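Enquirer: Take a look at target_36.txt, compact mmCIF, C-alpha atoms:
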```txt
# COMPACT_ATOMS: atom_id res chain seq x y z
CA MET A 1 -2.57 31.11 30.25
CA LYS A 2 -2.70 27.69 28.66
CA PHE A 3 -4.60 26.92 25.48
CA ALA A 4 -5.30 23.77 23.51
CA ALA A 5 -5.47 23.67 19.73
CA PHE A 6 -7.49 20.77 18.32
CA PHE A 7 -6.70 20.22 14.63
CA ARG A 8 -9.09 18.47 12.31
CA ASN A 9 -7.75 15.44 10.39
CA LEU A 10 -4.23 15.66 11.81
CA ASN A 11 -2.60 12.34 12.65
CA LEU A 12 1.05 13.02 13.41
CA GLY A 13 3.45 11.70 10.84
CA ARG A 14 0.79 10.53 8.36
CA PRO A 15 1.10 12.59 5.19
CA PRO A 16 0.13 15.29 4.62
CA ALA A 17 0.13 15.91 8.40
CA PRO A 18 3.33 17.20 9.98
CA THR A 19 5.53 15.29 12.38
CA ARG A 20 5.46 16.12 16.10
CA THR A 21 8.73 18.06 15.75
CA VAL A 22 7.42 20.14 12.83
CA LEU A 23 4.09 20.80 14.56
CA GLU A 24 5.62 21.89 17.86
CA GLY A 25 8.26 23.91 15.97
CA ALA A 26 5.54 25.81 14.11
CA PHE A 27 4.01 26.80 17.44
CA THR A 28 7.38 27.90 18.84
CA GLU A 29 8.11 29.91 15.68
CA ALA A 30 4.70 31.60 16.02
CA GLY A 31 5.51 32.71 19.58
CA ALA A 32 3.90 30.00 21.71
CA VAL A 33 5.57 29.13 25.00
CA ASN A 34 6.11 25.45 25.85
CA PRO A 35 4.11 23.92 22.98
CA CYS A 36 3.44 20.26 23.66
CA SER A 37 1.74 17.87 21.29
CA PHE A 38 -0.70 15.73 23.22
CA LEU A 39 -1.08 12.20 21.85
CA THR A 40 -0.93 11.83 18.05
CA ASN A 41 -4.32 13.26 17.13
CA GLY A 42 -3.42 16.85 16.35
CA THR A 43 -3.88 18.31 19.81
CA VAL A 44 -1.31 20.85 21.02
CA VAL A 45 -1.21 22.59 24.40
CA PHE A 46 0.73 25.86 24.62
CA GLU A 47 1.06 28.96 26.76
CA THR A 48 0.66 32.61 25.91
CA SER A 49 -0.55 35.79 27.57
CA THR A 50 -4.07 36.34 26.21
CA PRO A 51 -6.82 34.65 24.19
CA ALA A 52 -6.23 37.13 21.35
CA ARG A 53 -2.54 36.24 21.29
CA ALA A 54 -3.42 32.53 21.29
CA ALA A 55 -5.68 33.07 18.28
CA ARG A 56 -2.90 34.90 16.41
CA ILE A 57 -0.45 32.10 17.21
CA LEU A 58 -2.86 29.47 15.90
CA LYS A 59 -3.46 31.47 12.72
CA ALA A 60 0.32 31.74 12.15
CA VAL A 61 0.76 28.00 12.77
CA GLN A 62 -1.97 27.18 10.27
CA ALA A 63 -0.29 29.41 7.66
CA THR A 64 3.03 27.63 8.22
CA LEU A 65 1.43 24.18 7.97
CA ARG A 66 -0.51 25.24 4.86
CA ARG A 67 2.77 26.19 3.14
CA ASP A 68 4.02 22.69 3.97
CA GLY A 69 0.93 21.02 2.46
CA PHE A 70 -1.34 20.56 5.48
CA ASP A 71 -4.49 22.67 5.28
CA GLU A 72 -7.07 21.85 7.94
CA PRO A 73 -8.92 24.03 10.46
CA ALA A 74 -8.39 23.90 14.21
CA ALA A 75 -10.42 24.77 17.30
CA LEU A 76 -8.85 26.78 20.09
CA ARG A 77 -9.91 26.36 23.71
CA ASP A 78 -8.70 27.74 27.04
CA VAL A 79 -7.42 24.85 29.17
CA ALA A 80 -8.90 26.43 32.32
CA HIS A 81 -12.33 26.38 30.65
CA LEU A 82 -11.84 22.71 29.74
CA ALA A 83 -10.80 22.00 33.34
CA ALA A 84 -13.99 23.62 34.63
CA LEU A 85 -16.03 21.51 32.22
CA VAL A 86 -14.30 18.30 33.32
CA ALA A 87 -14.75 19.27 37.00
CA SER A 88 -18.48 19.75 36.39
CA ASP A 89 -18.71 16.02 35.62
CA PRO A 90 -21.09 16.48 32.66
CA LEU A 91 -21.70 12.74 32.31
CA ALA A 92 -22.89 12.24 35.89
CA GLY A 93 -26.18 10.40 35.78
CA VAL A 94 -25.94 9.59 32.07
CA ALA A 95 -26.54 5.92 31.27
CA LEU A 96 -23.46 4.63 29.46
CA ASP A 97 -24.32 0.91 29.27
CA ASP A 98 -24.56 0.51 25.50
CA VAL A 99 -22.49 3.54 24.49
CA ALA A 100 -19.73 2.88 21.94
CA ALA A 101 -17.97 6.22 22.58
CA THR A 102 -18.38 9.38 24.62
CA CYS A 103 -16.95 12.31 22.70
CA ALA A 104 -16.29 16.04 22.71
CA THR A 105 -16.71 17.75 19.35
CA PHE A 106 -15.20 21.20 18.97
CA VAL A 107 -16.99 23.43 16.48
CA ILE A 108 -14.64 25.55 14.39
CA GLY A 109 -16.30 28.84 13.53
CA ALA A 110 -19.85 29.96 14.16
CA PRO A 111 -22.92 28.24 12.76
CA ALA A 112 -25.46 30.38 10.95
CA SER A 113 -27.84 32.26 13.19
CA GLY A 114 -30.78 30.12 14.26
CA VAL A 115 -29.17 26.78 13.37
CA SER A 116 -29.20 24.28 16.21
CA LEU A 117 -28.53 20.63 16.87
CA PRO A 118 -31.38 18.18 17.35
CA PRO A 119 -31.12 15.77 20.32
CA THR A 120 -30.07 12.91 18.01
CA ASN A 121 -28.85 12.42 14.47
CA PRO A 122 -31.27 10.95 11.86
CA LYS A 123 -29.94 7.38 12.33
CA GLY A 124 -30.29 7.63 16.11
CA ASP A 125 -26.70 6.51 16.69
CA VAL A 126 -25.49 9.87 18.07
CA ARG A 127 -27.16 11.49 21.09
CA VAL A 128 -26.41 15.01 22.29
CA VAL A 129 -25.62 15.23 26.01
CA SER A 130 -24.81 18.96 26.01
CA TRP A 131 -24.19 21.64 23.43
CA HIS A 132 -22.87 25.09 24.35
CA ASP A 133 -19.97 27.45 23.66
CA GLY A 134 -19.05 25.59 20.48
CA LEU A 135 -18.58 22.26 22.24
CA LEU A 136 -20.80 19.23 21.77
CA LEU A 137 -20.63 16.43 24.30
CA SER A 138 -22.23 13.36 22.76
CA LEU A 139 -22.71 9.63 22.96
CA SER A 140 -22.42 7.36 19.96
CA TYR A 141 -23.98 3.94 19.68
CA GLN A 142 -23.04 0.91 17.61
CA ARG A 143 -25.71 0.32 14.97
CA GLY A 144 -24.56 -2.37 12.61
CA SER A 145 -20.86 -2.42 11.80
CA THR A 146 -20.01 1.17 12.80
CA ALA A 147 -20.67 3.60 15.61
CA GLY A 148 -22.36 6.96 15.07
CA ASN A 149 -20.19 9.64 13.49
CA ARG A 150 -20.36 12.72 15.75
CA ASN A 151 -18.16 14.85 13.55
CA ALA A 152 -20.22 14.26 10.40
CA PHE A 153 -23.43 14.94 12.34
CA VAL A 154 -22.15 18.31 13.57
CA GLU A 155 -20.61 19.38 10.26
CA ARG A 156 -23.69 18.48 8.21
CA THR A 157 -26.16 19.98 10.65
CA LEU A 158 -24.32 23.21 11.46
CA ASP A 159 -22.48 23.60 8.12
CA VAL A 160 -19.17 24.41 9.82
CA PRO A 161 -16.01 22.34 10.30
CA ALA A 162 -15.51 20.48 13.56
CA THR A 163 -13.06 18.10 15.17
CA THR A 164 -13.82 15.36 17.66
CA ARG A 165 -11.90 13.78 20.52
CA VAL A 166 -12.91 10.94 22.80
CA TRP A 167 -14.04 12.53 26.07
CA ASN A 168 -11.31 10.70 27.99
CA THR A 169 -8.72 12.51 25.85
CA VAL A 170 -10.05 15.84 27.14
CA VAL A 171 -10.03 14.50 30.71
CA ARG A 172 -6.42 13.31 30.34
CA LEU A 173 -5.35 16.62 28.76
CA VAL A 174 -6.83 18.52 31.71
CA ARG A 175 -5.15 16.21 34.24
CA LYS A 176 -1.79 16.74 32.58
CA HIS A 177 -1.95 20.42 31.65
CA ALA A 178 -4.44 22.28 33.84
CA ALA A 179 -3.10 24.31 36.72
CA THR A 180 -3.84 22.64 40.00
CA PRO A 181 -4.46 24.79 43.07
CA ASP A 182 -2.15 24.45 46.05
CA PRO A 183 -3.69 22.48 48.97
```
Would you write out, as structure tokens, the structure that this file holds?
Expert:
Amino acid sequence: MKFAAFFRNLNLGRPPAPTRTVLEGAFTEAGAVNPCSFLTNGTVVFETSTPARAARILKAVQATLRRDGFDEPAALRDVAHLAALVASDPLAGVALDDVAATCATFVIGAPASGVSLPPTNPKGDVRVVSWHDGLLLSLSYQRGSTAGNRNAFVERTLDVPATTRVWNTVVRLVRKHAATPDP
């Protein structure tokens, strides 16, 4: 099985974040098979036998990185689940004309019972497209000099850490790493 770890605030090589070699080495040391850093944004795809094993690997990697001075949470997702989401074309029919960014935000941990996301943030520059299974698909709009901050919206509203990737990053990750059926 393939899994993707999405670290919060990890830009490869920018202190205190690790280098690509150190990051991938931490995954190998923790027992991951074929760890591969994807882009420079703290996303790593790796293989292991079960979701429970993947969670233990990620926990071990985080402990290693913490000892080296990098202490940020990470979300773990099954690549097959991400592939199914991409295949469902969740943005079909969504007007994207004035959208600054389409993003996937991965919630790390569970929000308190009963807490939910409103359809937009208070400024109206982030709009929720879908929200389920700890993944927010959203649109951000340019209002003034900056676009809406999806990550801040999720973290403030749900009171849990989160990490965001541009939706196209998820699409590219799936294209590169998801198993493709034989024709």
Enquirer: As an exercise, work out the distance from CA of Val170 in chain A to CA of Pro15 in chain A in Å and give it to one decimal place.
Expert: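 We find that CA of Val170 in chain A and CA of Pro15 in chain A lie 24.8 Å from each other.
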Enquirer: Can you work out the spacing between CA of Asp98 in chain A and CA of Val128 in chain A in Å, to one decimal?
Expert: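 That distance, rounded to one decimal, is 15.0 Å.
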Enquirer: So the first atom is CA of Pro111 in chain A and the second is CA of Asn149 in chain A; what is the distance between them in Å, to one decimal place?
Expert: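 Computed distance, CA of Pro111 in chain A to CA of Asn149 in chain A, equals 18.8 Å.
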Enquirer: My list of candidates is A:Ala63, A:Ile108, A:Val115, A:Cys103. Which is closest to Ser138 in chain A when distances are computed with all atoms listed in the file?
Expert: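 Of all the options, A:Cys103 lies closest to Ser138 in chain A.
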Enquirer: Residues within 8 Å of Leu135 in chain A, please, as a ChimeraX atom specification. Count only C-alpha atoms; anything in the same chain fewer than 6 positions from it doesn't count.
Expert: /A:104-107
Enquirer: Near Val129 in chain A, counting all atoms listed in the file, which residues have an atom at most 9 Å away, once you skip same-chain residues fewer than 4 positions from it, shown as JSON, numbers by chain?
Expert: {"A": [90, 91, 94, 119, 136, 137, 138, 139]}
Enquirer: Mind checking which residues fall within 7 Å of Asn151 in chain A, counting only C-alpha atoms, ignoring those fewer than 4 positions away in the same chain, and posting them as a ChimeraX atom specification?
Expert: /A:105,155,162-164
Enquirer: Give me, as a list in words, all polymer residues having an atom no more than 10 Å from Thr28 in chain A, counting all atoms listed in the file and skipping those fewer than 6 positions away in the same chain.
Expert: Val22, Asn34, Pro35, Cys36, Phe46, Ile57 and Val61 of chain A
Enquirer: Box for range 102-118 of chain A: with edges along x, y and z, all listed atoms inside and 4 Å added on each side, what are the centre and edge lengths in Å to one decimal, as AutoDock Vina command-line options?
Expert:
```
--center_x -23.0 --center_y 20.8 --center_z 17.8 --size_x 24.7 --size_y 30.9 --size_z 21.7
```
Enquirer: Could you give me, as a ChimeraX atom specification, the residues within 10 Å of Arg143 in chain A, counting only C-alpha atoms and dropping anything in the same chain fewer than 2 positions from it?
Expert: /A:100,123-125,140-141,145-148
Enquirer: With N, CA and C atoms as the target, complete range 151-166 of chain A and hand it back as a tab-separated table (two decimals), in the frame of the given file.
Expert:
```
chain	number	residue	atom	x	y	z
A	151	ASN	N	-18.71	13.76	14.33
A	151	ASN	CA	-18.16	14.85	13.55
A	151	ASN	C	-19.02	15.13	12.31
A	152	ALA	N	-19.39	14.09	11.59
A	152	ALA	CA	-20.22	14.26	10.40
A	152	ALA	C	-21.58	14.86	10.77
A	153	PHE	N	-22.15	14.41	11.87
A	153	PHE	CA	-23.43	14.94	12.34
A	153	PHE	C	-23.34	16.45	12.57
A	154	VAL	N	-22.31	16.89	13.27
A	154	VAL	CA	-22.15	18.31	13.57
A	154	VAL	C	-21.88	19.10	12.30
A	155	GLU	N	-20.96	18.63	11.47
A	155	GLU	CA	-20.61	19.38	10.26
A	155	GLU	C	-21.79	19.50	9.30
A	156	ARG	N	-22.54	18.43	9.12
A	156	ARG	CA	-23.69	18.48	8.21
A	156	ARG	C	-24.82	19.35	8.76
A	157	THR	N	-25.06	19.25	10.05
A	157	THR	CA	-26.16	19.98	10.65
A	157	THR	C	-25.87	21.47	10.77
A	158	LEU	N	-24.67	21.81	11.21
A	158	LEU	CA	-24.32	23.21	11.46
A	158	LEU	C	-23.62	23.88	10.28
A	159	ASP	N	-23.18	23.09	9.31
A	159	ASP	CA	-22.48	23.60	8.12
A	159	ASP	C	-21.22	24.39	8.48
A	160	VAL	N	-20.47	23.86	9.44
A	160	VAL	CA	-19.17	24.41	9.82
A	160	VAL	C	-18.24	23.23	10.10
A	161	PRO	N	-16.92	23.43	9.96
A	161	PRO	CA	-16.01	22.34	10.30
A	161	PRO	C	-15.99	22.08	11.80
A	162	ALA	N	-15.60	20.88	12.16
A	162	ALA	CA	-15.51	20.48	13.56
A	162	ALA	C	-14.43	19.41	13.69
A	163	THR	N	-14.01	19.17	14.90
A	163	THR	CA	-13.06	18.10	15.17
A	163	THR	C	-13.45	17.43	16.48
A	164	THR	N	-13.33	16.13	16.53
A	164	THR	CA	-13.82	15.36	17.66
A	164	THR	C	-12.69	14.62	18.37
A	165	ARG	N	-12.79	14.57	19.69
A	165	ARG	CA	-11.90	13.78	20.52
A	165	ARG	C	-12.76	12.92	21.45
A	166	VAL	N	-12.27	11.75	21.77
A	166	VAL	CA	-12.91	10.94	22.80
A	166	VAL	C	-12.87	11.75	24.09
```
